[in-house]
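Just final.txt here, compact mmCIF, C-alpha atoms and all ligand atoms:
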# COMPACT_ATOMS: atom_id res chain seq x y z
CA MET A 1 -6.13 -75.32 0.07
CA ILE A 2 -7.81 -72.18 1.32
CA THR A 3 -5.58 -69.20 0.63
CA ILE A 4 -5.90 -65.95 2.55
CA ALA A 5 -3.77 -62.86 1.96
CA ILE A 6 -3.25 -60.44 4.83
CA ALA A 7 -2.72 -57.05 3.27
CA ASN A 8 -2.62 -53.33 3.93
CA GLN A 9 -0.05 -51.09 2.28
CA LYS A 10 0.42 -49.25 5.56
CA GLY A 11 3.24 -50.55 7.73
CA GLY A 12 2.82 -51.31 11.41
CA VAL A 13 -0.91 -52.03 11.34
CA GLY A 14 -0.67 -55.61 12.62
CA LYS A 15 -0.45 -57.69 9.41
CA THR A 16 2.41 -59.86 10.58
CA THR A 17 1.10 -60.22 14.13
CA THR A 18 -2.26 -61.27 12.73
CA ALA A 19 -0.65 -63.71 10.28
CA ILE A 20 1.45 -65.39 12.97
CA ASN A 21 -1.28 -65.70 15.59
CA LEU A 22 -4.07 -66.67 13.24
CA ALA A 23 -1.81 -69.32 11.73
CA THR A 24 -1.00 -70.60 15.22
CA ALA A 25 -4.66 -70.72 16.27
CA LEU A 26 -5.62 -72.68 13.14
CA ALA A 27 -2.71 -75.10 13.61
CA ALA A 28 -3.81 -75.59 17.22
CA ILE A 29 -7.23 -76.86 16.14
CA GLY A 30 -5.58 -79.42 13.90
CA TRP A 31 -5.33 -77.70 10.53
CA LYS A 32 -2.18 -78.07 8.49
CA VAL A 33 -1.14 -74.46 8.02
CA LEU A 34 1.34 -72.78 5.69
CA LEU A 35 2.47 -69.21 6.25
CA VAL A 36 4.16 -67.51 3.31
CA ASP A 37 6.27 -64.54 4.38
CA LEU A 38 6.23 -62.07 1.49
CA ASP A 39 7.74 -59.12 3.34
CA PRO A 40 11.48 -58.57 2.67
CA GLN A 41 11.78 -57.55 6.33
CA GLY A 42 11.01 -61.16 7.24
CA ASN A 43 9.20 -60.30 10.47
CA ALA A 44 6.88 -63.30 10.28
CA SER A 45 9.91 -65.58 9.87
CA THR A 46 11.76 -63.97 12.78
CA GLY A 47 8.61 -63.95 14.91
CA LEU A 48 8.32 -67.69 14.41
CA GLY A 49 11.91 -68.28 15.44
CA ILE A 50 13.41 -68.95 12.00
CA ALA A 51 17.02 -67.76 12.21
CA SER A 52 18.67 -66.11 9.20
CA ASN A 53 20.96 -69.10 8.65
CA GLU A 54 17.90 -71.32 8.23
CA ARG A 55 16.72 -69.19 5.33
CA ASP A 56 19.04 -70.30 2.57
CA ARG A 57 16.02 -70.51 0.31
CA SER A 58 13.01 -68.30 0.69
CA SER A 59 9.92 -66.72 -0.77
CA TYR A 60 12.22 -64.93 -3.20
CA ASP A 61 12.80 -68.31 -4.88
CA LEU A 62 9.06 -68.86 -4.90
CA LEU A 63 8.36 -65.65 -6.79
CA VAL A 64 11.44 -65.28 -8.94
CA GLY A 65 12.87 -68.80 -9.17
CA ASP A 66 11.71 -72.23 -10.27
CA ASN A 67 11.35 -73.77 -6.82
CA GLY A 68 8.08 -75.27 -5.68
CA VAL A 69 6.31 -74.48 -2.42
CA GLU A 70 7.06 -77.88 -0.87
CA GLU A 71 10.83 -77.61 -1.26
CA LEU A 72 10.85 -74.10 0.26
CA ALA A 73 8.57 -74.65 3.25
CA ILE A 74 10.20 -75.41 6.59
CA ALA A 75 8.67 -76.50 9.87
CA THR A 76 8.28 -74.05 12.74
CA LYS A 77 8.26 -74.93 16.43
CA VAL A 78 4.48 -74.78 16.29
CA PRO A 79 3.17 -78.25 15.37
CA ARG A 80 1.43 -78.32 11.96
CA LEU A 81 2.63 -74.82 11.09
CA ASP A 82 5.14 -74.52 8.23
CA ILE A 83 6.59 -71.36 6.76
CA VAL A 84 8.20 -70.20 3.55
CA PRO A 85 10.51 -67.61 5.13
CA ALA A 86 11.55 -64.28 3.64
CA THR A 87 14.97 -62.75 3.17
CA VAL A 88 16.10 -59.30 2.06
CA ASP A 89 16.61 -60.70 -1.49
CA LEU A 90 12.88 -60.24 -1.82
CA SER A 91 13.31 -56.47 -1.91
CA GLY A 92 14.76 -56.88 -5.41
CA ALA A 93 12.09 -59.31 -6.61
CA GLU A 94 9.67 -56.77 -8.07
CA VAL A 95 12.35 -55.29 -10.32
CA GLU A 96 13.34 -58.77 -11.48
CA MET A 97 9.75 -59.80 -12.14
CA VAL A 98 8.63 -56.72 -14.00
CA ASP A 99 9.53 -58.06 -17.46
CA MET A 100 8.22 -61.57 -16.85
CA GLU A 101 5.10 -62.35 -18.79
CA ASP A 102 3.57 -64.30 -15.88
CA ARG A 103 4.61 -61.71 -13.28
CA VAL A 104 1.22 -61.46 -11.56
CA THR A 105 0.40 -65.18 -11.59
CA ARG A 106 3.72 -66.65 -10.44
CA LEU A 107 2.60 -67.36 -6.89
CA ARG A 108 -0.75 -68.74 -8.03
CA SER A 109 0.98 -71.17 -10.41
CA LYS A 110 3.24 -72.42 -7.62
CA PHE A 111 0.19 -73.07 -5.41
CA ALA A 112 -1.65 -74.77 -8.27
CA ALA A 113 1.19 -77.30 -8.54
CA LEU A 114 0.73 -78.44 -4.92
CA PRO A 115 -0.75 -81.86 -4.22
CA GLU A 116 -4.23 -81.78 -2.69
CA GLY A 117 -4.21 -81.97 1.11
CA LYS A 118 -0.60 -81.01 1.74
CA TRP A 119 -1.84 -77.96 3.69
CA ASP A 120 -5.43 -77.08 4.62
CA ILE A 121 -4.86 -73.36 4.63
CA CYS A 122 -2.24 -70.85 3.57
CA LEU A 123 -1.87 -67.37 5.03
CA ILE A 124 0.19 -64.86 3.09
CA ASP A 125 1.84 -62.03 5.02
CA CYS A 126 2.14 -59.13 2.57
CA PRO A 127 4.68 -56.29 2.54
CA PRO A 128 3.58 -52.70 3.23
CA SER A 129 2.98 -51.78 -0.41
CA LEU A 130 0.56 -52.43 -3.26
CA GLY A 131 3.30 -53.49 -5.65
CA LEU A 132 3.80 -56.69 -7.61
CA ILE A 133 4.41 -58.82 -4.51
CA THR A 134 1.09 -57.88 -2.92
CA VAL A 135 -0.66 -58.26 -6.27
CA ASN A 136 0.78 -61.80 -6.56
CA ALA A 137 -0.72 -62.55 -3.15
CA MET A 138 -4.10 -61.12 -4.18
CA VAL A 139 -4.08 -63.16 -7.37
CA ALA A 140 -3.15 -66.36 -5.54
CA ALA A 141 -5.69 -65.88 -2.72
CA LYS A 142 -9.44 -66.34 -2.60
CA GLN A 143 -9.82 -64.24 0.53
CA LEU A 144 -8.35 -61.13 2.00
CA ILE A 145 -7.97 -59.99 5.60
CA VAL A 146 -7.23 -56.30 6.04
CA PRO A 147 -5.88 -55.27 9.45
CA LEU A 148 -6.65 -51.65 10.38
CA GLN A 149 -4.94 -49.97 13.29
CA CYS A 150 -7.29 -48.07 15.62
CA GLU A 151 -5.46 -44.80 15.10
CA PHE A 152 -6.24 -41.54 13.39
CA PHE A 153 -5.97 -42.01 9.59
CA ALA A 154 -6.92 -45.69 9.94
CA LEU A 155 -9.05 -45.41 6.81
CA GLU A 156 -6.48 -43.45 4.90
CA GLY A 157 -5.22 -45.50 1.99
CA LEU A 158 -8.08 -47.97 2.24
CA SER A 159 -9.71 -46.69 -0.95
CA GLN A 160 -6.44 -47.27 -2.78
CA LEU A 161 -6.28 -50.80 -1.39
CA LEU A 162 -9.88 -51.45 -2.46
CA LYS A 163 -9.11 -50.13 -5.94
CA THR A 164 -6.26 -52.61 -6.23
CA VAL A 165 -8.61 -55.41 -5.10
CA GLU A 166 -11.13 -54.32 -7.74
CA ARG A 167 -8.47 -54.31 -10.45
CA VAL A 168 -7.35 -57.81 -9.47
CA ARG A 169 -10.98 -58.96 -9.52
CA THR A 170 -11.82 -57.62 -12.94
CA GLY A 171 -8.46 -58.57 -14.38
CA ILE A 172 -7.60 -62.03 -13.24
CA ASN A 173 -9.15 -63.23 -9.98
CA PRO A 174 -12.92 -62.58 -9.93
CA GLU A 175 -13.35 -64.74 -6.83
CA LEU A 176 -11.22 -62.57 -4.58
CA ALA A 177 -13.35 -61.63 -1.56
CA ILE A 178 -12.73 -59.54 1.51
CA LEU A 179 -13.13 -62.01 4.34
CA GLY A 180 -12.92 -59.31 6.95
CA ILE A 181 -11.38 -56.13 8.20
CA ALA A 182 -9.66 -56.65 11.54
CA LEU A 183 -9.36 -53.76 13.98
CA THR A 184 -6.01 -53.96 15.75
CA MET A 185 -4.09 -52.28 18.57
CA TYR A 186 -7.20 -50.98 20.23
CA ASP A 187 -6.49 -48.98 23.37
CA ARG A 188 -9.56 -48.84 25.57
CA ARG A 189 -8.12 -45.99 27.66
CA ASN A 190 -7.84 -43.86 24.56
CA LYS A 191 -11.07 -42.24 23.35
CA LEU A 192 -9.64 -41.94 19.86
CA SER A 193 -9.45 -45.74 19.55
CA GLN A 194 -13.17 -45.97 20.32
CA HIS A 195 -13.97 -43.20 17.81
CA VAL A 196 -11.92 -44.84 15.10
CA ALA A 197 -13.52 -48.23 15.73
CA ASP A 198 -17.01 -46.69 15.57
CA ASP A 199 -16.12 -44.74 12.43
CA VAL A 200 -14.74 -47.78 10.64
CA ARG A 201 -17.85 -49.78 11.51
CA ALA A 202 -20.11 -46.97 10.31
CA CYS A 203 -18.18 -46.85 7.05
CA LEU A 204 -17.63 -50.53 6.35
CA GLY A 205 -20.41 -52.30 8.26
CA ASP A 206 -20.44 -56.09 8.15
CA GLN A 207 -17.07 -56.26 6.51
CA VAL A 208 -15.54 -55.40 9.88
CA LEU A 209 -14.93 -58.43 12.10
CA ASN A 210 -16.57 -58.24 15.55
CA THR A 211 -13.39 -59.14 17.39
CA ILE A 212 -11.18 -56.18 18.20
CA ILE A 213 -7.52 -56.89 18.94
CA PRO A 214 -6.42 -54.84 21.96
CA ARG A 215 -3.06 -53.18 22.28
CA ASN A 216 -1.23 -55.57 24.59
CA VAL A 217 2.42 -55.47 25.57
CA ARG A 218 2.61 -59.29 25.71
CA VAL A 219 1.73 -59.38 22.02
CA SER A 220 4.58 -57.02 21.18
CA GLU A 221 7.07 -58.95 23.37
CA ALA A 222 6.45 -62.35 21.81
CA PRO A 223 8.33 -61.84 18.48
CA SER A 224 11.63 -61.12 20.27
CA HIS A 225 11.36 -64.62 21.76
CA GLY A 226 10.65 -66.13 18.36
CA ILE A 227 7.28 -67.48 19.38
CA PRO A 228 3.67 -66.47 18.67
CA ALA A 229 1.87 -64.46 21.37
CA LEU A 230 -0.50 -67.42 21.62
CA VAL A 231 2.39 -69.60 22.77
CA TYR A 232 4.23 -66.91 24.76
CA ASP A 233 1.18 -66.09 26.88
CA LEU A 234 -2.00 -67.90 25.94
CA LYS A 235 -4.02 -66.12 28.60
CA CYS A 236 -3.13 -62.52 27.83
CA PRO A 237 -5.92 -60.35 26.36
CA GLY A 238 -4.18 -60.18 22.97
CA SER A 239 -4.04 -63.98 22.68
CA ALA A 240 -7.66 -64.31 23.77
CA ALA A 241 -8.61 -61.83 21.06
CA TYR A 242 -6.68 -63.71 18.38
CA LEU A 243 -8.44 -66.96 19.37
CA SER A 244 -11.76 -65.20 19.00
CA LEU A 245 -10.68 -63.72 15.67
CA ALA A 246 -9.74 -67.20 14.43
CA ARG A 247 -13.18 -68.52 15.37
CA GLU A 248 -14.82 -65.67 13.48
CA ILE A 249 -12.66 -66.22 10.43
CA ILE A 250 -13.57 -69.92 10.37
CA ASP A 251 -17.25 -68.98 10.58
CA ARG A 252 -16.89 -66.70 7.60
CA LEU A 253 -15.06 -69.21 5.42
CA PRO A 254 -17.06 -71.14 2.85
CA ALA A 255 -18.80 -74.26 4.18
CA LEU A 256 -16.28 -76.64 2.66
CA ALA A 257 -13.49 -75.23 4.79
CA LYS A 258 -15.46 -75.67 8.00
CA GLU A 259 -15.83 -79.39 7.45
CA ALA A 260 -12.06 -79.73 7.76
CA ALA A 261 -12.15 -78.16 11.23
P1 LIG B 301 2.76 -54.91 10.04
O1 LIG B 301 3.07 -56.32 9.68
O2 LIG B 301 1.44 -54.43 9.49
O3 LIG B 301 3.87 -53.96 9.71
P2 LIG B 301 3.14 -55.76 12.79
O4 LIG B 301 2.24 -56.92 13.00
O5 LIG B 301 4.58 -56.05 12.55
O6 LIG B 301 2.57 -54.83 11.64
O7 LIG B 301 2.98 -54.80 14.06
C1 LIG B 301 3.72 -53.59 14.16
C2 LIG B 301 4.29 -53.49 15.58
O8 LIG B 301 3.24 -53.42 16.52
C3 LIG B 301 5.13 -54.67 15.97
O9 LIG B 301 6.19 -54.24 16.78
C4 LIG B 301 4.17 -55.53 16.79
O10 LIG B 301 4.84 -56.32 17.75
C5 LIG B 301 3.30 -54.49 17.44
N1 LIG B 301 1.95 -54.98 17.65
C6 LIG B 301 1.13 -55.57 16.76
N2 LIG B 301 -0.06 -55.88 17.30
C7 LIG B 301 0.01 -55.47 18.60
C8 LIG B 301 -0.91 -55.51 19.71
N3 LIG B 301 -2.12 -56.04 19.59
N4 LIG B 301 -0.49 -54.98 20.89
C9 LIG B 301 0.74 -54.45 21.01
N5 LIG B 301 1.63 -54.39 20.03
C10 LIG B 301 1.28 -54.89 18.83
MG MG B 302 4.68 -57.05 8.59
Could you show the structure in this file as structure tokens?
Ligand code: ADP
Ligand code: MG
Amino acid sequence: MITIAIANQKGGVGKTTTAINLATALAAIGWKVLLVDLDPQGNASTGLGIASNERDRSSYDLLVGDNGVEELAIATKVPRLDIVPATVDLSGAEVEMVDMEDRVTRLRSKFAALPEGKWDICLIDCPPSLGLITVNAMVAAKQLIVPLQCEFFALEGLSQLLKTVERVRTGINPELAILGIALTMYDRRNKLSQHVADDVRACLGDQVLNTIIPRNVRVSEAPSHGIPALVYDLKCPGSAAYLSLAREIIDRLPALAKEAA
């Protein structure tokens, strides 16, 4: 199973939106996709129409408890897309994990116990912090996608994020690679958006994915209907951009992954 964490300690940069729509695009081409919601706010779960009463067990049990991934994953309305939902319990998880000896490898161990072929790919939607939950995602994943909002201060905090990646690499997961930086919420009427996009490219070069996700009201409406933007309005510019982003991501994945597509 390919495992990709979607992380940025800033809130509101498009992590969850990217997780939901990328997961949907990959499921649409036939991949068996698992989304793990690791944000106590549970936006990915809500955005995929998982009601609170369907979340009796959650990613909290994955990190803190003894439950395996298979018993916690539930189907979404999107064919081939399953989710381990999140509940507010997760906000207490870091405190509960801090004295556990295996606190940074708990998620990785749960994934390691999965039978081959159950899911082709797993996307992990991280919370807006660089704490133990995000570190668990970085340890469990081989790849990282970092959404950056095309706003002033887009790059602020990125060096801290990269330092955390470096620490995870040297400590426990040398294979962790940055698959791509995704520019989100681009407003073509706003000159600042253009400046930020140019700046980020000048700074980070090839690491930045070519696809830019535009700011699009249809994308922001979709979660309140409990469906991905790609299902809510396949033809809107935001959906088109997420399809293009998915194609780019597949192209950047190691050869083995592409054969599955
Ligand atoms: P994060 O998970 O990083 O906190 P979200 O994906 O939840 O960020 O996005 C923050 C807010 O911005 C949400 O209300 C979401 O619906 C909205 N949003 C995200 N991407 C877009 C977009 N491309 N166009 C318009 N609104 C967007
Ligand atoms: Mg989020």
Original post:
Could you state the separation of CA of Ile121 (chain A) and CA of Met1 (chain A) in Å, given to one decimal place?
Top reply: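 If I compute the distance from CA of Ile121 (chain A) to CA of Met1 (chain A), I get 5.1 Å.
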**OP:** Considering all atoms listed in the file, return as a ChimeraX atom specification whatever protein or nucleic-acid residues lie within 9 Å of Leu26 (chain A), sequence-local ones (same chain, fewer than 5 positions apart) excluded.
**Re:** /A:21,31-33,81,121,243,246-247,250,261
Subject >> Coordinates-based distance that separates CA of Pro85 (chain A) from CA of Ala51 (chain A) (Å, one decimal) >> reply: 9.6 Å
**OP:** Return as JSON, numbers by chain every polymer residue, whether protein, DNA or RNA, with at least one atom no more than 6 Å from an atom of ligand LIG 301 (chain B); count only C-alpha atoms and all ligand atoms.
**Re:** {"A": [11, 12, 13, 14, 15, 16, 17, 184, 185, 213, 214, 215, 216, 217, 219, 220, 238]}
Store the residues of this selection in a file with C-alpha atoms, as a CSV table (one decimal), in the frame of the given file.
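To be explicit, this is the file written out as again-v4.csv:
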chain,number,residue,atom,x,y,z
A,11,GLY,CA,3.2,-50.6,7.7
A,12,GLY,CA,2.8,-51.3,11.4
A,13,VAL,CA,-0.9,-52.0,11.3
A,14,GLY,CA,-0.7,-55.6,12.6
A,15,LYS,CA,-0.4,-57.7,9.4
A,16,THR,CA,2.4,-59.9,10.6
A,17,THR,CA,1.1,-60.2,14.1
A,184,THR,CA,-6.0,-54.0,15.8
A,185,MET,CA,-4.1,-52.3,18.6
A,213,ILE,CA,-7.5,-56.9,18.9
A,214,PRO,CA,-6.4,-54.8,22.0
A,215,ARG,CA,-3.1,-53.2,22.3
A,216,ASN,CA,-1.2,-55.6,24.6
A,217,VAL,CA,2.4,-55.5,25.6
A,219,VAL,CA,1.7,-59.4,22.0
A,220,SER,CA,4.6,-57.0,21.2
A,238,GLY,CA,-4.2,-60.2,23.0
Subject >> Residues near Lys191 (chain A), cut-off 12 Å, only C-alpha atoms, skip fewer than 6 positions along chain, as an NGL selection string >> reply: :A and (150-152 or 197-198)
**OP:** Using all atoms listed in the file, determine which residues fall within 12 Å of ligand MG 302 (chain B), then list them as a ChimeraX atom specification.
**Re:** /A:6-20,36-47,86,124-129,147,223
**OP:** Would you list the residues near (-5.4, -64.6, -0.5) (no more than 10 Å away, in the coordinates of the file, using all atoms listed in the file) as a ChimeraX atom specification?
**Re:** /A:2-7,108,122-126,134-145,176-179
Subject >> Proximity to Ile181 (chain A) - best of A:Asp66, A:Asp199, A:Asp206, A:Asp82, all atoms listed in the file >> reply: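 Residue with the minimum atom-to-atom distance to Ile181 (chain A): A:Asp206.
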Coordinates of box centre and edge lengths for region 249-252 of chain A, 6 Å on every side, axis-aligned, as JSON:
{"center_x": -15.0, "center_y": -68.1, "center_z": 9.1, "size_x": 16.6, "size_y": 15.7, "size_z": 15.0}
Subject >> Given all atoms listed in the file as the counted atoms, nearest of A:Gly180, A:Pro174, A:Gly131, A:Gly117 to Gln160 (chain A) >> reply: A:Gly131
Subject >> Distance in Å - CA of Leu130 (chain A) versus CA of Asp61 (chain A) >> reply: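 Answer for the CA of Leu130 (chain A) to CA of Asp61 (chain A) separation: 20.1 Å.
Minimum distance to Leu48 (chain A) across A:Val165, A:Ala202, A:Val78, A:Leu34 (counting all atoms listed in the file) occurs at A:Val78.
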Subject >> Given all atoms listed in the file as the counted atoms, nearest of A:Ile83, A:Ile212, A:Val196, A:Leu132 to Val98 (chain A) >> reply: A:Leu132
